[in-house]
Each structure stands twice: as C-alpha cells, then as structure tokens.
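J.: Just passing along the structure, written as structure tokens.
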Amino acid sequence: MQKDLLNNVRIQHEQILITPEKLKESFPLSRELEHQIAQSRQTIIDILERRDPRLLVVCGPCSIHDPDAAIDYAKKLKALSSELDKELFIVMRVYFEKPRTTVGWKGLINDPYMNNQFDIECGLFLARGLLMDLAEMGLPLATEALDPNTPQYIGDLISWSAIGARTTESQTHREMASGLSMPIGFKNGTDGGLDVAINAMKSASMPHRFVGLSQAGQVSVLQTMGNPHGHVILRGGKTPNYEAADVALCEAQMKKAGLLANLMVDCSHGNSNKDFRRQPLVADSIIEQIQAGNQSIIGVMIESNINEGNQSSDLPREQLQYGVSVTDACINWDDTETLLRKMSQQLAKPLQKRQATMTALAS
Ligand SMILES: O=C[C@H](O)[C@H](O)COP(=O)(O)O
Ligand SMILES: C=C(OP(=O)(O)O)C(=O)O
C-alpha cells in the first residue's frame, strides 16, 4: 500500500478502543454505590463551603501498579478512616495516570504491566475494576485527571480530582475540569507559581465548549456548566510553600482574584523536597496553623504506601518489593497511621472552633 505523504506521517498504529459506555456495561454501578459516591462528593463540597468543619485528607500511594496491594492498603485506610471520621474526611489516592517531567512509566492505564506493551484497554479494565472494589469497601476515591478522555471511563467512581502541576496551565485541562462532576484541586506550578492555579480555578469555574468524547465514544462538542468546587493545592516548587506566610500569600491572592480562599496543602512533592521523611514535618506545620486559627486550609495530601520509599518501575516484576511505590517515595503504613491519629487528636479542638464559627455565621 502506498504510504500517505501528508496524513499521520508519524502515527505507526491505530487501535479502536472500547467506548466508555461498553466498559461501564462490564462494571455497572449499583444504586447504593451511586448514592455513596454522590454523598462523598457532597461531603467534600460541604467542607469547601464551610458547612463541614472536618479536614479533607487525600492519602494513598503516589501511583497504583499492583491492584492487590491497593486493596490491602485500602483495608487499612478504611478501618482507620472510620475511627477518625469526626475530624478527618479521608479519601484514598488512586492515581492511575502519571504526568512525567520528561519520560517514564505513565501509569497503570497507559502500561498496566510496566512492560512497554501499552495495553491501554486492559489498563482501563483494571482501573475501573479496582475502583469498583475500593468503592464497594466504602472508601471515597481521588485521582489525577490527566488524559482528557479518561474521566468518561472512570470519573463516576471518583469523589475528588486533581489537576497536576504540569497541566494546571493547560487550556485543555481547564476545559475538562469545567465539566468534571466532582470537586477539583489545582496544583501550583512546578516552579511554585500560584497564578497558574488561581487562573485555572477561575477558568474552570466558567462554562466552556470544546471537543471531547461522549459516553458512546463519539468525538463530540461538549458544553460544560463550569465547576464551582475548585481549590488550590500548594505543592511547593523551587522551595516549599506550606508555611503560614506562604498560605497567607496564597489566601490573599485568591481573595484578590475574587475566589473563596480554599487551600489544600500537599505534604509531598516540592513541599517535602521529594524526601518522604519530611511529609510529617509539613503536616505538623498544618496542624499548628489550624491550631492558631487558620480558616483557609481545608485539606492535606499525603503520599503513603504499605512500605516506605520507592523502587524503579524498570525492575522485572518478580524483583518488585510488595507495597512499595514505583513513582515518588511514600511514607509507610505505620507512619501514616501515626500521622493521621496525631492530626485527628490535635485538630479536634480547633475543628470544634471552626464548627462553632460556621454555626454562628449560618444563624
Ligand atoms: O508524582 C509523581 C511525580 O512527581 C510526577 O509524576 C513527575 O515525575 P517525574 O519527575 O519523575 O517524571
Ligand atoms: C504528580 C503529582 O503531583 P504534582 O502534579 O504536584 O507533581 C501527584 O500528586 O501525583
């Protein structure tokens, strides 16, 4: 066959992918699960809109590569979250898509067996199947929305999403965020810049029209309503940005932009200088700030796994250590439990005060 000189010159292969609708037929949601997820989303909205004083905690592995280990982790997190639910609303990080600084493993959906076979359809099946299992355990779930088509396949199972530091400035991601069904956090840029996140929050709160995918798998013009439940995630950049002065600066910039100052602090990434051992120190600062009366910090993010540290995603599967991250290094389960118990205990009083302020403002 004669090669087309002008079209798809650099496309080597095309494969028709299952439609969102068809994938969902294999993993249908029960009415109970629908209600549970809608309720979790509403709880997060209540936290953002100051009707629920609890701290939103997005906690879990940097990325999922082993669904069995994710279930093991989730069992521990579920038990603990039920115990601490007076102070903390814990949502499990279930990240299937990794944005890379240059190149590297792009997550379970893109290359489910980490063997460069890139069986994306299998990745979608694994991702949706795991989300169903986790949701059935009663856990609210969080993910990063990276590929603009992925939410059509799995978004119904997600209660909170993030737009990452590498994509917060992208129009495509802001458009997608404007149509997402759950609250969404925008990370500051990798250089620490706040403007990109604040602009993203503004942009995503507005209606947009753009080309996207329908549930039936048709390329379609999507018209969105705008997502009013955005917030900024301070993740550090060239230097950390979790201290009281950084939080105050972000708060002031958000207010100046006419936005409700709702902030989540990411204890990992630029805020830990990528040293997982520093995550509890960042959390300590958040506890102190809330004890001192801070009202704008509505949540924290923690990268945590069964076992601490990380390992290379290039290792042969049989050499991979169980429950250890293949992307950013995480704190282990024992340290996670200690940290979450400490947060819950030390925040009980200040959060009661938040509740009292909310009640006073509402009356
Ligand atoms: O959270 C994970 C990583 O920080 C992010 O995907 C970037 O990773 P990289 O800089 O190793 O590519
Ligand atoms: C990639 C992530 O973070 P960031 O966008 O802040 O680098 C992440 O949270 O997994």
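Within each chain, counting starts at residue 1; across the structure tokens, chains are named A, B, ... in the order shown, with ligands numbered 1 upward in that order.
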Using only C-alpha atoms and all ligand atoms, what are the residues with an atom within 6 Å of ligand 1, set out as a PyMOL selection string?

T.: chain A and resi 62+98-102+327-328

J.: So which residues are near ligand 2, meaning at most 8 Å away with only C-alpha atoms and all ligand atoms counted, given back as a VMD selection string?

T.: chain A and resid 62 to 63 95 98 to 100 144 162 to 167 187 to 190 235 to 236 266 268 to 270 303 328

J.: Residues as selected, C-alpha atoms, written as a PDB file, in the first residue's frame, can you do that?

T.:
```pdb
ATOM      1  CA  CYS A  62       1.790   8.037  44.553  1.00  0.00           C
ATOM      2  CA  SER A  63       0.599   5.630  41.847  1.00  0.00           C
ATOM      3  CA  TYR A  95      -3.673   7.560  40.833  1.00  0.00           C
ATOM      4  CA  LYS A  98       1.345   9.916  35.950  1.00  0.00           C
ATOM      5  CA  PRO A  99       2.473  13.151  34.300  1.00  0.00           C
ATOM      6  CA  ARG A 100       6.227  12.909  33.630  1.00  0.00           C
ATOM      7  CA  GLU A 144      -5.431  12.960  38.951  1.00  0.00           C
ATOM      8  CA  ALA A 162      -6.580  16.959  40.978  1.00  0.00           C
ATOM      9  CA  ILE A 163      -5.136  18.779  38.037  1.00  0.00           C
ATOM     10  CA  GLY A 164      -1.385  18.365  38.356  1.00  0.00           C
ATOM     11  CA  ALA A 165       1.402  20.920  38.481  1.00  0.00           C
ATOM     12  CA  ARG A 166       2.458  20.122  34.913  1.00  0.00           C
ATOM     13  CA  THR A 167      -1.013  20.640  33.422  1.00  0.00           C
ATOM     14  CA  LYS A 187      -1.762  22.342  41.938  1.00  0.00           C
ATOM     15  CA  ASN A 188       0.521  25.338  41.803  1.00  0.00           C
ATOM     16  CA  GLY A 189       3.102  25.160  39.000  1.00  0.00           C
ATOM     17  CA  THR A 190       6.295  23.111  39.308  1.00  0.00           C
ATOM     18  CA  ARG A 235       2.657  21.563  46.493  1.00  0.00           C
ATOM     19  CA  GLY A 236       5.836  23.642  46.683  1.00  0.00           C
ATOM     20  CA  ASP A 266       0.377  18.711  49.620  1.00  0.00           C
ATOM     21  CA  SER A 268       4.868  15.642  49.389  1.00  0.00           C
ATOM     22  CA  HIS A 269       6.434  16.827  46.096  1.00  0.00           C
ATOM     23  CA  GLY A 270       8.057  20.280  46.311  1.00  0.00           C
ATOM     24  CA  GLU A 303       1.751  10.133  49.684  1.00  0.00           C
ATOM     25  CA  ASP A 328       7.541   9.054  44.147  1.00  0.00           C
TER      26      ASP A 328
END
```

J.: As an MDAnalysis selection string, please: every residue in segment 245-362 of chain A that a backbone DSSP assignment puts in alpha helix (DSSP H).

T.: chainID A and resid 245:256 279:291 333:362

J.: Nearest to Asp284 of chain A among A:Glu318, A:Glu243, A:Glu251, A:Glu83, with distances taken over only C-alpha atoms: which residue is it?

T.: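 Ranking A:Glu318, A:Glu243, A:Glu251, A:Glu83 by distance to Asp284 of chain A, first place goes to A:Glu243.
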
J.: Out of A:Ser214, A:Ser170, A:Gly323, A:Met206, which residue has the shortest atom-to-atom distance to Pro67 of chain A when counting only C-alpha atoms?

T.: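 Closest candidate: A:Gly323.
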
J.: Give me the residues within 7 Å of Glu121 of chain A as a list in words, counting only C-alpha atoms and dropping any in the same chain fewer than 4 places off.

T.: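 So, after excluding close chain neighbours, the residues are Leu17, Ile18 and Phe125 of chain A.
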
J.: List the neighbours of Val219 of chain A out to 12 Å using only C-alpha atoms; skip same-chain residues closer than 4 positions along the sequence, and give me the result as number ranges by chain.

T.: A: 19, 149, 210-215

J.: Looking at A:Ser296, A:Gln12, A:Ser40, A:Gln321, which one is nearest to Asp156 of chain A, with distances taken over only C-alpha atoms?

T.: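 The closest residue to Asp156 of chain A is A:Ser40.
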
J.: What are the closest atom pairs, with distances in Å to one decimal, for each residue of segment 79-114 of chain A lying within 10 Å of segment 42-52 of chain A, using only C-alpha atoms, rows by chain and rising residue number, as JSON lines?

T.:
```
{"residue": "A:Glu87", "atom": "CA", "partner": "A:Asp52", "partner_atom": "CA", "distance": 9.8}
{"residue": "A:Phe89", "atom": "CA", "partner": "A:Ile44", "partner_atom": "CA", "distance": 8.1}
{"residue": "A:Val91", "atom": "CA", "partner": "A:Ile44", "partner_atom": "CA", "distance": 9.7}
```

J.: Can you list, as a ChimeraX atom specification, every protein, DNA or RNA residue that comes within 7 Å of Leu139 of chain A when you count only C-alpha atoms, leaving out same-chain residues fewer than 4 positions away?

T.: /A:78,91-92,134-135

J.: Keeping only C-alpha atoms, write the selected residues as a PDB file, in the first residue's frame.

T.:
```pdb
ATOM      1  CA  LYS A  78     -10.865   2.222  55.608  1.00  0.00           C
ATOM      2  CA  VAL A  91     -10.198   9.957  50.633  1.00  0.00           C
ATOM      3  CA  MET A  92      -7.840   7.383  49.112  1.00  0.00           C
ATOM      4  CA  LEU A 134     -12.430   0.068  46.504  1.00  0.00           C
ATOM      5  CA  ALA A 135     -15.756   1.901  46.303  1.00  0.00           C
TER       6      ALA A 135
END
```
